[in-house]
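Have a look at target15.txt; it's compact mmCIF, C-alpha atoms:
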# COMPACT_ATOMS: atom_id res chain seq x y z
CA MET A 1 -16.71 34.02 -4.85
CA GLU A 2 -14.05 33.48 -7.50
CA GLU A 3 -11.25 33.95 -4.98
CA ARG A 4 -12.88 31.49 -2.61
CA ILE A 5 -13.42 28.81 -5.26
CA ARG A 6 -9.88 29.14 -6.56
CA ALA A 7 -8.47 28.75 -3.05
CA ALA A 8 -10.68 25.72 -2.43
CA TRP A 9 -9.28 24.00 -5.53
CA GLN A 10 -5.72 25.03 -4.67
CA GLY A 11 -6.10 23.86 -1.08
CA ARG A 12 -7.69 20.54 -1.94
CA ILE A 13 -5.12 19.64 -4.58
CA SER A 14 -2.16 20.81 -2.52
CA GLY A 15 -3.33 18.96 0.59
CA CYS A 16 -3.78 15.82 -1.47
CA LEU A 17 -0.27 16.07 -2.93
CA LEU A 18 1.16 16.62 0.55
CA GLY A 19 -0.40 13.45 1.91
CA LYS A 20 0.01 11.22 -1.14
CA PRO A 21 3.62 10.06 -0.57
CA LEU A 22 2.77 9.08 3.01
CA GLU A 23 -0.48 7.24 2.38
CA MET A 24 0.80 3.67 2.09
CA LEU A 25 3.37 4.11 4.86
CA SER A 26 0.69 5.41 7.21
CA MET A 27 -1.83 2.69 6.35
CA ARG A 28 0.57 -0.24 6.42
CA GLU A 29 2.90 0.67 9.25
CA GLY A 30 1.00 3.13 11.40
CA PHE A 31 1.58 6.39 13.23
CA ASP A 32 4.96 5.63 14.81
CA SER A 33 6.52 4.61 11.49
CA LEU A 34 5.06 7.70 9.84
CA GLN A 35 6.61 9.95 12.50
CA LYS A 36 9.94 8.13 12.20
CA TYR A 37 9.98 8.67 8.44
CA LEU A 38 9.08 12.36 8.71
CA LYS A 39 11.85 12.86 11.25
CA GLU A 40 14.37 11.02 9.06
CA ALA A 41 13.27 13.13 6.07
CA LYS A 42 13.70 16.33 8.10
CA SER A 43 10.04 17.09 7.46
CA LEU A 44 8.91 17.60 11.05
CA PRO A 45 7.04 19.72 11.80
CA LEU A 46 5.29 19.14 8.48
CA ARG A 47 4.86 22.59 6.95
CA ASP A 48 5.78 21.98 3.32
CA TYR A 49 5.85 19.12 0.85
CA VAL A 50 7.60 16.01 2.13
CA ASN A 51 11.31 15.55 1.59
CA TYR A 52 11.99 12.16 0.04
CA VAL A 53 14.22 9.52 1.57
CA GLU A 54 14.14 5.99 0.23
CA ASN A 55 11.24 3.90 1.49
CA SER A 56 9.52 0.92 -0.11
CA ASN A 57 6.10 2.40 0.60
CA ILE A 58 6.79 5.48 -1.53
CA ARG A 59 6.82 4.58 -5.20
CA GLY A 60 5.16 5.30 -8.53
CA VAL A 61 3.43 8.67 -8.84
CA ALA A 62 3.81 9.18 -5.07
CA LEU A 63 7.50 9.87 -5.73
CA GLN A 64 6.46 12.78 -7.93
CA CYS A 65 4.54 14.33 -5.03
CA CYS A 66 7.62 14.87 -2.86
CA LYS A 67 9.32 18.24 -2.48
CA ASN A 68 11.29 19.44 -5.52
CA ARG A 69 9.81 16.63 -7.64
CA ILE A 70 6.36 18.12 -8.26
CA SER A 71 5.52 19.47 -11.71
CA LYS A 72 1.79 18.75 -11.87
CA ALA A 73 -1.06 17.43 -9.76
CA GLU A 74 -0.69 13.69 -10.24
CA ILE A 75 -3.69 11.39 -10.63
CA ASP A 76 -5.43 10.68 -7.33
CA ASP A 77 -8.98 9.61 -6.56
CA ASP A 78 -9.49 12.57 -4.21
CA ILE A 79 -9.18 14.90 -7.19
CA THR A 80 -10.70 12.58 -9.79
CA TYR A 81 -13.98 12.45 -7.86
CA THR A 82 -14.02 16.22 -7.32
CA VAL A 83 -13.75 16.79 -11.06
CA LEU A 84 -16.33 14.09 -11.74
CA ALA A 85 -18.77 15.74 -9.31
CA LEU A 86 -18.31 19.01 -11.19
CA MET A 87 -19.04 17.25 -14.47
CA MET A 88 -22.17 15.64 -13.04
CA LEU A 89 -23.44 18.97 -11.74
CA GLU A 90 -22.80 20.54 -15.14
CA GLU A 91 -24.90 17.84 -16.77
CA TYR A 92 -27.63 17.12 -14.23
CA GLY A 93 -27.63 20.11 -11.89
CA LEU A 94 -29.63 19.86 -8.69
CA ASP A 95 -31.68 17.04 -10.21
CA LEU A 96 -28.73 14.66 -9.89
CA THR A 97 -29.85 11.15 -8.93
CA THR A 98 -27.95 8.13 -7.65
CA ASP A 99 -28.59 6.47 -11.02
CA ASP A 100 -26.87 9.42 -12.68
CA VAL A 101 -23.85 8.86 -10.43
CA ALA A 102 -23.82 5.15 -11.27
CA ARG A 103 -23.99 5.80 -15.01
CA SER A 104 -21.25 8.44 -14.74
CA TRP A 105 -18.96 5.92 -13.07
CA ILE A 106 -19.59 3.24 -15.68
CA ASN A 107 -19.17 5.65 -18.60
CA MET A 108 -16.28 7.78 -17.35
CA LEU A 109 -14.31 5.99 -14.63
CA PRO A 110 -11.96 3.13 -15.47
CA ALA A 111 -12.54 0.26 -13.07
CA GLY A 112 -8.90 0.46 -12.00
CA ALA A 113 -9.46 4.00 -10.74
CA THR A 114 -11.95 2.76 -8.13
CA PHE A 115 -11.07 1.25 -4.77
CA THR A 116 -12.72 -0.53 -1.82
CA ALA A 117 -16.43 0.38 -1.61
CA GLU A 118 -16.42 2.13 -4.99
CA ARG A 119 -14.92 -0.89 -6.75
CA GLU A 120 -17.35 -3.28 -5.06
CA ALA A 121 -20.26 -1.07 -6.09
CA TYR A 122 -18.88 -0.73 -9.62
CA ILE A 123 -18.63 -4.50 -10.03
CA THR A 124 -22.12 -5.03 -8.65
CA ILE A 125 -23.60 -2.51 -11.07
CA LEU A 126 -21.83 -4.11 -14.03
CA GLU A 127 -22.99 -7.57 -13.03
CA ASN A 128 -26.63 -6.54 -12.68
CA MET A 129 -27.33 -3.84 -15.25
CA ASN A 130 -28.67 -4.40 -18.73
CA PHE A 131 -26.88 -2.91 -21.72
CA SER A 132 -29.16 0.11 -22.07
CA TYR A 133 -28.83 1.24 -18.44
CA GLN A 134 -25.51 3.01 -18.91
CA PHE A 135 -27.05 5.10 -21.70
CA GLY A 136 -30.06 6.19 -19.67
CA GLY A 137 -32.22 3.11 -20.04
CA GLU A 138 -34.49 1.90 -17.29
CA ARG A 139 -32.84 0.14 -14.37
CA ASP A 140 -34.12 -3.38 -13.78
CA PHE A 141 -32.29 -4.14 -10.53
CA ASP A 142 -32.28 -2.77 -6.98
CA LEU A 143 -29.53 -0.16 -6.83
CA ASN A 144 -29.25 -0.61 -3.06
CA ILE A 145 -27.34 -3.83 -3.60
CA ALA A 146 -24.36 -1.78 -4.78
CA SER A 147 -23.79 -0.45 -1.27
CA ASP A 148 -24.07 -3.90 0.31
CA ASN A 149 -20.32 -4.35 0.62
CA LYS A 150 -17.80 -4.78 3.43
CA PHE A 151 -16.27 -1.34 2.87
CA ASN A 152 -19.48 0.68 3.04
CA ASP A 153 -18.49 2.60 6.18
CA TRP A 154 -15.03 3.56 4.89
CA ILE A 155 -13.86 6.97 3.69
CA GLY A 156 -14.56 6.65 -0.05
CA ALA A 157 -17.81 8.61 -0.14
CA GLN A 158 -16.38 11.31 2.12
CA ILE A 159 -13.76 12.24 -0.50
CA ARG A 160 -16.25 12.55 -3.36
CA ILE A 161 -18.53 15.32 -2.21
CA ASP A 162 -16.70 18.62 -1.63
CA MET A 163 -17.99 20.06 -4.89
CA TYR A 164 -21.61 19.94 -3.69
CA GLY A 165 -20.73 22.30 -0.86
CA TRP A 166 -18.52 24.55 -2.97
CA THR A 167 -21.29 25.21 -5.48
CA LEU A 168 -24.06 25.78 -2.91
CA PRO A 169 -22.69 28.45 -0.54
CA GLY A 170 -25.33 29.37 2.01
CA LYS A 171 -27.41 26.30 1.11
CA PRO A 172 -25.96 23.56 3.32
CA ASP A 173 -29.13 21.47 3.43
CA GLU A 174 -29.16 21.14 -0.36
CA ALA A 175 -25.43 20.37 -0.36
CA ALA A 176 -25.91 17.65 2.26
CA GLN A 177 -28.72 16.06 0.27
CA LEU A 178 -26.63 15.98 -2.91
CA ALA A 179 -23.81 14.39 -0.94
CA ARG A 180 -26.17 11.69 0.32
CA THR A 181 -27.42 11.11 -3.22
CA ASP A 182 -23.85 10.44 -4.33
CA ALA A 183 -22.61 8.61 -1.24
CA LYS A 184 -25.40 6.07 -0.98
CA LEU A 185 -24.40 4.44 -4.26
CA SER A 186 -21.51 2.72 -2.48
CA HIS A 187 -21.87 3.49 1.21
CA ARG A 188 -24.32 3.28 4.09
CA GLY A 189 -24.93 4.59 7.59
CA CYS A 190 -22.21 6.68 9.18
CA ALA A 191 -20.23 7.03 5.95
CA VAL A 192 -23.20 8.68 4.24
CA GLU A 193 -23.65 11.07 7.16
CA CYS A 194 -19.92 11.88 7.22
CA SER A 195 -20.22 12.84 3.56
CA ALA A 196 -23.31 14.94 4.20
CA PHE A 197 -21.51 16.75 7.00
CA ILE A 198 -18.45 17.69 4.91
CA ALA A 199 -20.64 18.98 2.08
CA ALA A 200 -22.81 20.94 4.53
CA LEU A 201 -19.72 22.41 6.19
CA ALA A 202 -18.30 23.55 2.86
CA ALA A 203 -21.63 25.22 2.02
CA THR A 204 -21.88 26.84 5.45
CA ILE A 205 -18.38 28.32 5.64
CA PRO A 206 -19.02 31.29 3.29
CA SER A 207 -22.22 32.32 5.04
CA VAL A 208 -21.27 32.37 8.74
CA ASP A 209 -18.68 34.09 10.89
CA GLY A 210 -15.96 31.73 12.01
CA ARG A 211 -15.03 28.08 11.73
CA LYS A 212 -16.59 26.99 15.02
CA LYS A 213 -19.93 28.45 13.97
CA ALA A 214 -19.72 26.74 10.58
CA VAL A 215 -19.04 23.34 12.18
CA ALA A 216 -21.89 23.82 14.66
CA GLU A 217 -24.36 24.78 11.93
CA ALA A 218 -23.35 21.90 9.66
CA LEU A 219 -23.68 19.47 12.55
CA LYS A 220 -27.38 20.32 12.79
CA LEU A 221 -27.92 18.78 9.36
CA ILE A 222 -26.81 15.22 10.08
CA ASP A 223 -28.41 12.42 12.06
CA LYS A 224 -27.76 13.00 15.77
CA ASN A 225 -27.89 9.26 16.36
CA SER A 226 -25.15 8.58 13.82
CA SER A 227 -21.58 7.85 14.88
CA ALA A 228 -20.66 10.55 12.36
CA PHE A 229 -22.22 13.07 14.74
CA ASP A 230 -20.04 11.69 17.54
CA ALA A 231 -16.89 11.86 15.38
CA VAL A 232 -17.45 15.55 14.72
CA GLN A 233 -17.95 16.16 18.43
CA ILE A 234 -14.72 14.32 19.22
CA GLY A 235 -12.92 16.59 16.78
CA ILE A 236 -14.47 19.63 18.45
CA LYS A 237 -13.65 18.38 21.95
CA ASN A 238 -9.98 17.99 21.05
CA THR A 239 -9.59 21.40 19.42
CA ASN A 240 -6.23 22.95 20.31
CA LYS A 241 -5.12 19.73 22.02
CA GLU A 242 -2.65 17.07 20.96
CA ILE A 243 -3.98 14.42 18.58
CA ASN A 244 -3.33 11.61 21.09
CA ASP A 245 -6.89 11.22 22.41
CA ILE A 246 -8.29 10.89 18.89
CA LEU A 247 -5.65 8.31 18.00
CA LYS A 248 -6.48 6.37 21.15
CA LYS A 249 -10.24 6.58 20.60
CA TYR A 250 -10.03 5.00 17.15
CA LYS A 251 -6.89 2.87 17.52
CA SER A 252 -8.62 -0.38 16.51
CA MET A 253 -10.38 1.12 13.47
CA SER A 254 -9.29 0.74 9.84
CA PRO A 255 -7.01 3.61 8.78
CA VAL A 256 -9.42 4.28 5.91
CA HIS A 257 -12.64 4.33 7.92
CA SER A 258 -14.85 7.39 7.63
CA LEU A 259 -15.12 8.17 11.35
CA ASN A 260 -11.52 8.38 12.55
CA ASN A 261 -10.55 10.46 9.54
CA LEU A 262 -13.51 12.81 9.98
CA ALA A 263 -12.46 13.45 13.59
CA VAL A 264 -8.95 14.34 12.37
CA VAL A 265 -10.33 16.70 9.72
CA ILE A 266 -12.44 18.61 12.26
CA TRP A 267 -9.60 18.70 14.78
CA ALA A 268 -7.17 20.16 12.23
CA PHE A 269 -9.72 22.58 10.73
CA LEU A 270 -10.56 24.06 14.13
CA SER A 271 -7.16 23.88 15.83
CA PHE A 272 -4.95 25.65 13.31
CA SER A 273 -6.98 28.61 12.14
CA GLU A 274 -3.97 30.91 11.82
CA SER A 275 -1.99 28.88 9.30
CA PHE A 276 -2.75 26.80 6.21
CA ASP A 277 0.68 25.21 6.60
CA GLN A 278 -0.07 24.04 10.14
CA ALA A 279 -3.58 22.81 9.39
CA VAL A 280 -2.75 20.62 6.40
CA GLY A 281 0.60 19.62 7.87
CA GLU A 282 -0.85 18.43 11.16
CA ALA A 283 -3.81 16.73 9.44
CA VAL A 284 -1.40 14.69 7.33
CA ALA A 285 1.11 14.05 10.12
CA ALA A 286 -1.73 12.63 12.25
CA GLY A 287 -1.72 9.60 9.95
CA TRP A 288 -4.50 7.27 8.83
CA ASP A 289 -5.69 8.35 5.35
CA THR A 290 -3.15 11.10 4.80
CA ASP A 291 -3.95 12.25 1.26
CA CYS A 292 -7.71 12.23 1.86
CA ASN A 293 -7.44 14.27 5.05
CA GLY A 294 -4.93 16.67 3.54
CA ALA A 295 -7.26 17.22 0.60
CA THR A 296 -10.40 17.74 2.70
CA VAL A 297 -8.74 20.06 5.20
CA GLY A 298 -6.99 21.97 2.42
CA GLY A 299 -10.23 22.54 0.54
CA LEU A 300 -12.12 23.64 3.63
CA ILE A 301 -9.43 26.10 4.64
CA GLY A 302 -9.23 27.47 1.13
CA LEU A 303 -12.94 28.20 1.38
CA ALA A 304 -12.58 29.75 4.82
CA ASP A 305 -9.49 31.89 4.23
CA CYS A 306 -9.72 32.51 0.46
CA ASN A 307 -5.96 32.16 0.40
CA VAL A 308 -3.46 29.33 -0.07
CA PRO A 309 0.24 30.28 0.14
CA GLU A 310 1.97 30.22 -3.23
CA LYS A 311 4.57 27.68 -2.11
CA TRP A 312 1.81 25.07 -2.14
CA HIS A 313 0.26 25.60 -5.56
CA SER A 314 3.11 27.02 -7.64
CA PRO A 315 5.01 23.68 -7.87
CA TRP A 316 2.19 21.97 -9.76
CA ASN A 317 1.87 24.81 -12.29
CA GLY A 318 -1.92 24.74 -12.56
CA LYS A 319 -1.77 21.27 -14.16
CA VAL A 320 -4.38 18.81 -12.92
CA ASN A 321 -4.54 15.16 -13.93
CA THR A 322 -7.40 12.76 -13.27
CA ALA A 323 -8.30 9.17 -14.07
CA ILE A 324 -11.49 10.22 -15.91
CA ALA A 325 -11.53 8.65 -19.36
CA GLY A 326 -10.58 10.91 -22.23
CA LEU A 327 -9.98 14.13 -20.29
CA GLY A 328 -6.22 14.39 -20.39
CA GLU A 329 -4.52 17.15 -18.44
CA LEU A 330 -6.78 19.88 -17.07
CA ARG A 331 -6.00 23.46 -16.13
CA LEU A 332 -6.76 24.79 -12.70
CA GLU A 333 -8.15 28.04 -14.05
CA ASP A 334 -10.59 26.20 -16.30
CA LEU A 335 -11.83 24.15 -13.33
CA VAL A 336 -12.25 27.34 -11.30
CA GLN A 337 -14.30 29.05 -14.01
CA ARG A 338 -16.46 25.97 -14.59
CA THR A 339 -17.14 25.72 -10.85
CA ILE A 340 -18.11 29.38 -10.72
CA ARG A 341 -20.54 28.94 -13.62
CA VAL A 342 -22.27 26.06 -11.85
CA THR A 343 -22.43 28.06 -8.62
CA GLU A 344 -23.96 31.05 -10.38
CA LYS A 345 -26.50 28.81 -12.11
CA PHE A 346 -27.60 27.38 -8.75
CA HIS A 347 -28.05 30.85 -7.29
CA ASN A 348 -30.04 32.42 -10.13
Take the structure I supplied and represent it as structure tokens, if you would.
Amino acid sequence: MEERIRAAWQGRISGCLLGKPLEMLSMREGFDSLQKYLKEAKSLPLRDYVNYVENSNIRGVALQCCKNRISKAEIDDDITYTVLALMMLEEYGLDLTTDDVARSWINMLPAGATFTAEREAYITILENMNFSYQFGGERDFDLNIASDNKFNDWIGAQIRIDMYGWTLPGKPDEAAQLARTDAKLSHRGCAVECSAFIAALAATIPSVDGRKKAVAEALKLIDKNSSAFDAVQIGIKNTNKEINDILKKYKSMSPVHSLNNLAVVIWAFLSFSESFDQAVGEAVAAGWDTDCNGATVGGLIGLADCNVPEKWHSPWNGKVNTAIAGLGELRLEDLVQRTIRVTEKFHN
């Protein structure tokens, strides 16, 4: 178990760092511009961290996620929410409620660390809560209004929930329910089911033989009438094929929607079972939400293979930074051991 959890953390963080420099370029200019940049940077095929060449879309901490510039895992919401989920499980365990998630955001997440649906939900909670709510007082408003926002089918919830699967191996139904508990604070419909699927898949991987079987078993735990179910099937259908059909299917969709990115995750997870490098590289090179997909695929493959090549995790030296208030720099090994303790608690 320890080896698997460590690889999940290494894979998720490394995949996130791989995709981070390309995120804005992909979102703002699209697939063709992304491919042009990767070719110019001599980073095609993408099998290692991205070489940097000057581009206005790559700036700030994203610059520090390019090859030969990495010294730590820079702050990114994909990792911030994974650490926050661990902290919530340490405090609330399997009794975690959506109110607990809301209070954790208000107490531990700076507003500037939230985006799209999360920021809209954050603002709504602040506007409607009384002073005592954040400290455990009774809620006197309908929490469902927080998810009534124009971004509630985007990817935000899907990047928050890996930890629920990691800590409940062999218990995918419980993992899926925890993911829904978290996701529904800010999201609705297909985005909630996408989140439930990823958590269920992470919980299923250690207990079945093979990736295809894990995907099939996790798929049983989400609403068959949801477009999330269809997105997973599209990923399955395109296994070992070029990405073109998935790009065409979702060409008019926001690059940060939950569905198109879920299809890419499943496609990469199933298509490149022989190589971590290929799987995360192709997931990121496919475009859309590059850091989110790199992180999700990296974590899932870490769970499946229990191994992430050293070239991916050695550059960041076990140093993990988040936006969570007051934490400072974290150590990978501490996060691994804390995750193991939660997992053991859930299985006693």
What is the atom CA of A:Ala113 to atom CA of A:Ala286 distance in Å?
->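 Computing the Euclidean distance for atom CA of A:Ala113 and atom CA of A:Ala286 yields 25.7 Å.
Checking A:Ala203, A:Ala295, A:Ala121, A:Leu247 one by one against A:Val264, counting all atoms listed in the file, you find the shortest gap at A:Leu247.
Nearest to A:Ile5 of all the residues A:Asp223, A:Glu217, A:Asp99, A:Asp162 is A:Asp162, based on all atoms listed in the file.
Among the candidates A:Lys213, A:Asp142, A:Leu201, A:Pro315, the residue lying nearest to A:Gly165 is A:Leu201 (atoms considered: only C-alpha atoms).
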Out of A:Ser273, A:Thr82, A:Thr116, A:Thr239, which residue has the shortest atom-to-atom distance to A:Gly210 when counting all atoms listed in the file?
->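 Checking each of A:Ser273, A:Thr82, A:Thr116, A:Thr239 against A:Gly210, counting all atoms listed in the file, the winner is A:Ser273.
Using only C-alpha atoms for every distance, the candidate list A:Ile70, A:Ala117, A:Leu327, A:Met87 yields A:Met87 as the residue closest to A:Tyr164.
The space between atom CA of A:Ala200 and atom CA of A:Glu174 spans 8.0 Å.
One distance worth recording is that between atom CA of A:Asn317 and atom CA of A:Leu44, which is 25.4 Å.
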Quick one: stretch 147-248 of chain A from the block, C-alpha atoms, as a PDB file, in the first residue's frame.
ATOM      1  CA  SER A 147     -23.769  25.253  -6.947  1.00  0.00           C
ATOM      2  CA  ASP A 148     -26.214  27.432  -8.886  1.00  0.00           C
ATOM      3  CA  ASN A 149     -23.515  28.992 -11.050  1.00  0.00           C
ATOM      4  CA  LYS A 150     -22.625  29.085 -14.740  1.00  0.00           C
ATOM      5  CA  PHE A 151     -19.522  26.935 -14.266  1.00  0.00           C
ATOM      6  CA  ASN A 152     -21.185  24.044 -12.442  1.00  0.00           C
ATOM      7  CA  ASP A 153     -20.487  21.493 -15.183  1.00  0.00           C
ATOM      8  CA  TRP A 154     -16.798  22.400 -15.545  1.00  0.00           C
ATOM      9  CA  ILE A 155     -13.787  20.404 -14.369  1.00  0.00           C
ATOM     10  CA  GLY A 156     -13.260  21.946 -10.916  1.00  0.00           C
ATOM     11  CA  ALA A 157     -14.890  19.205  -8.863  1.00  0.00           C
ATOM     12  CA  GLN A 158     -13.166  16.497 -10.899  1.00  0.00           C
ATOM     13  CA  ILE A 159      -9.731  17.685  -9.733  1.00  0.00           C
ATOM     14  CA  ARG A 160     -10.631  17.723  -6.035  1.00  0.00           C
ATOM     15  CA  ILE A 161     -11.499  14.118  -5.326  1.00  0.00           C
ATOM     16  CA  ASP A 162      -8.606  11.726  -6.008  1.00  0.00           C
ATOM     17  CA  MET A 163      -7.853  11.387  -2.302  1.00  0.00           C
ATOM     18  CA  TYR A 164     -11.225   9.745  -1.609  1.00  0.00           C
ATOM     19  CA  GLY A 165     -10.301   6.908  -3.946  1.00  0.00           C
ATOM     20  CA  TRP A 166      -6.720   6.625  -2.739  1.00  0.00           C
ATOM     21  CA  THR A 167      -7.789   6.121   0.872  1.00  0.00           C
ATOM     22  CA  LEU A 168     -10.595   3.639   0.138  1.00  0.00           C
ATOM     23  CA  PRO A 169      -8.983   0.897  -1.972  1.00  0.00           C
ATOM     24  CA  GLY A 170     -11.504  -1.829  -2.686  1.00  0.00           C
ATOM     25  CA  LYS A 171     -14.383   0.409  -1.565  1.00  0.00           C
ATOM     26  CA  PRO A 172     -15.294   2.337  -4.720  1.00  0.00           C
ATOM     27  CA  ASP A 173     -18.906   2.953  -3.741  1.00  0.00           C
ATOM     28  CA  GLU A 174     -17.834   4.770  -0.563  1.00  0.00           C
ATOM     29  CA  ALA A 175     -15.200   6.708  -2.518  1.00  0.00           C
ATOM     30  CA  ALA A 176     -17.790   7.776  -5.098  1.00  0.00           C
ATOM     31  CA  GLN A 177     -20.172   8.964  -2.394  1.00  0.00           C
ATOM     32  CA  LEU A 178     -17.468  11.036  -0.705  1.00  0.00           C
ATOM     33  CA  ALA A 179     -16.632  12.563  -4.076  1.00  0.00           C
ATOM     34  CA  ARG A 180     -20.273  13.517  -4.588  1.00  0.00           C
ATOM     35  CA  THR A 181     -20.383  15.010  -1.095  1.00  0.00           C
ATOM     36  CA  ASP A 182     -17.465  17.264  -1.999  1.00  0.00           C
ATOM     37  CA  ALA A 183     -18.399  17.985  -5.617  1.00  0.00           C
ATOM     38  CA  LYS A 184     -21.975  19.069  -5.037  1.00  0.00           C
ATOM     39  CA  LEU A 185     -20.867  22.120  -3.071  1.00  0.00           C
ATOM     40  CA  SER A 186     -19.981  23.854  -6.332  1.00  0.00           C
ATOM     41  CA  HIS A 187     -21.124  21.579  -9.144  1.00  0.00           C
ATOM     42  CA  ARG A 188     -24.160  19.741 -10.459  1.00  0.00           C
ATOM     43  CA  GLY A 189     -25.171  17.009 -12.867  1.00  0.00           C
ATOM     44  CA  CYS A 190     -22.491  15.533 -15.091  1.00  0.00           C
ATOM     45  CA  ALA A 191     -19.642  17.228 -13.213  1.00  0.00           C
ATOM     46  CA  VAL A 192     -20.658  15.502  -9.980  1.00  0.00           C
ATOM     47  CA  GLU A 193     -20.827  12.138 -11.744  1.00  0.00           C
ATOM     48  CA  CYS A 194     -17.445  12.715 -13.419  1.00  0.00           C
ATOM     49  CA  SER A 195     -16.000  13.287  -9.955  1.00  0.00           C
ATOM     50  CA  ALA A 196     -17.669  10.182  -8.571  1.00  0.00           C
ATOM     51  CA  PHE A 197     -16.268   8.138 -11.440  1.00  0.00           C
ATOM     52  CA  ILE A 198     -12.649   9.251 -10.930  1.00  0.00           C
ATOM     53  CA  ALA A 199     -12.837   8.547  -7.192  1.00  0.00           C
ATOM     54  CA  ALA A 200     -14.436   5.146  -7.824  1.00  0.00           C
ATOM     55  CA  LEU A 201     -11.788   4.295 -10.409  1.00  0.00           C
ATOM     56  CA  ALA A 202      -8.972   5.177  -8.009  1.00  0.00           C
ATOM     57  CA  ALA A 203     -10.557   2.960  -5.348  1.00  0.00           C
ATOM     58  CA  THR A 204     -11.110   0.107  -7.802  1.00  0.00           C
ATOM     59  CA  ILE A 205      -7.625  -0.014  -9.333  1.00  0.00           C
ATOM     60  CA  PRO A 206      -5.908  -1.787  -6.394  1.00  0.00           C
ATOM     61  CA  SER A 207      -8.562  -4.480  -6.129  1.00  0.00           C
ATOM     62  CA  VAL A 208      -9.006  -5.698  -9.727  1.00  0.00           C
ATOM     63  CA  ASP A 209      -6.794  -7.130 -12.429  1.00  0.00           C
ATOM     64  CA  GLY A 210      -6.131  -4.648 -15.191  1.00  0.00           C
ATOM     65  CA  ARG A 211      -7.072  -1.123 -16.173  1.00  0.00           C
ATOM     66  CA  LYS A 212      -9.964  -2.078 -18.456  1.00  0.00           C
ATOM     67  CA  LYS A 213     -11.589  -4.038 -15.649  1.00  0.00           C
ATOM     68  CA  ALA A 214     -11.127  -1.140 -13.235  1.00  0.00           C
ATOM     69  CA  VAL A 215     -12.775   1.315 -15.638  1.00  0.00           C
ATOM     70  CA  ALA A 216     -15.666  -1.084 -16.278  1.00  0.00           C
ATOM     71  CA  GLU A 217     -16.270  -1.641 -12.560  1.00  0.00           C
ATOM     72  CA  ALA A 218     -16.118   2.069 -11.722  1.00  0.00           C
ATOM     73  CA  LEU A 219     -18.533   2.830 -14.544  1.00  0.00           C
ATOM     74  CA  LYS A 220     -21.175   0.735 -12.791  1.00  0.00           C
ATOM     75  CA  LEU A 221     -21.228   3.246  -9.938  1.00  0.00           C
ATOM     76  CA  ILE A 222     -22.314   6.353 -11.832  1.00  0.00           C
ATOM     77  CA  ASP A 223     -25.637   7.362 -13.346  1.00  0.00           C
ATOM     78  CA  LYS A 224     -26.062   5.586 -16.689  1.00  0.00           C
ATOM     79  CA  ASN A 225     -28.191   8.473 -17.921  1.00  0.00           C
ATOM     80  CA  SER A 226     -25.469  11.021 -17.225  1.00  0.00           C
ATOM     81  CA  SER A 227     -23.309  12.447 -19.993  1.00  0.00           C
ATOM     82  CA  ALA A 228     -20.402  11.507 -17.720  1.00  0.00           C
ATOM     83  CA  PHE A 229     -21.216   7.866 -18.463  1.00  0.00           C
ATOM     84  CA  ASP A 230     -21.069   8.655 -22.183  1.00  0.00           C
ATOM     85  CA  ALA A 231     -17.732  10.479 -21.821  1.00  0.00           C
ATOM     86  CA  VAL A 232     -16.153   7.428 -20.214  1.00  0.00           C
ATOM     87  CA  GLN A 233     -17.494   5.233 -22.996  1.00  0.00           C
ATOM     88  CA  ILE A 234     -16.058   7.581 -25.608  1.00  0.00           C
ATOM     89  CA  GLY A 235     -12.686   7.280 -23.919  1.00  0.00           C
ATOM     90  CA  ILE A 236     -13.002   3.497 -23.952  1.00  0.00           C
ATOM     91  CA  LYS A 237     -14.119   3.414 -27.592  1.00  0.00           C
ATOM     92  CA  ASN A 238     -11.050   5.378 -28.671  1.00  0.00           C
ATOM     93  CA  THR A 239      -8.524   3.291 -26.745  1.00  0.00           C
ATOM     94  CA  ASN A 240      -5.353   2.784 -28.798  1.00  0.00           C
ATOM     95  CA  LYS A 241      -6.600   5.196 -31.461  1.00  0.00           C
ATOM     96  CA  GLU A 242      -5.560   8.731 -32.313  1.00  0.00           C
ATOM     97  CA  ILE A 243      -7.140  11.483 -30.211  1.00  0.00           C
ATOM     98  CA  ASN A 244      -8.830  13.066 -33.252  1.00  0.00           C
ATOM     99  CA  ASP A 245     -12.327  11.627 -32.743  1.00  0.00           C
ATOM    100  CA  ILE A 246     -12.446  12.847 -29.145  1.00  0.00           C
ATOM    101  CA  LEU A 247     -11.279  16.305 -30.204  1.00  0.00           C
ATOM    102  CA  LYS A 248     -13.948  16.388 -32.896  1.00  0.00           C
TER     103      LYS A 248
END
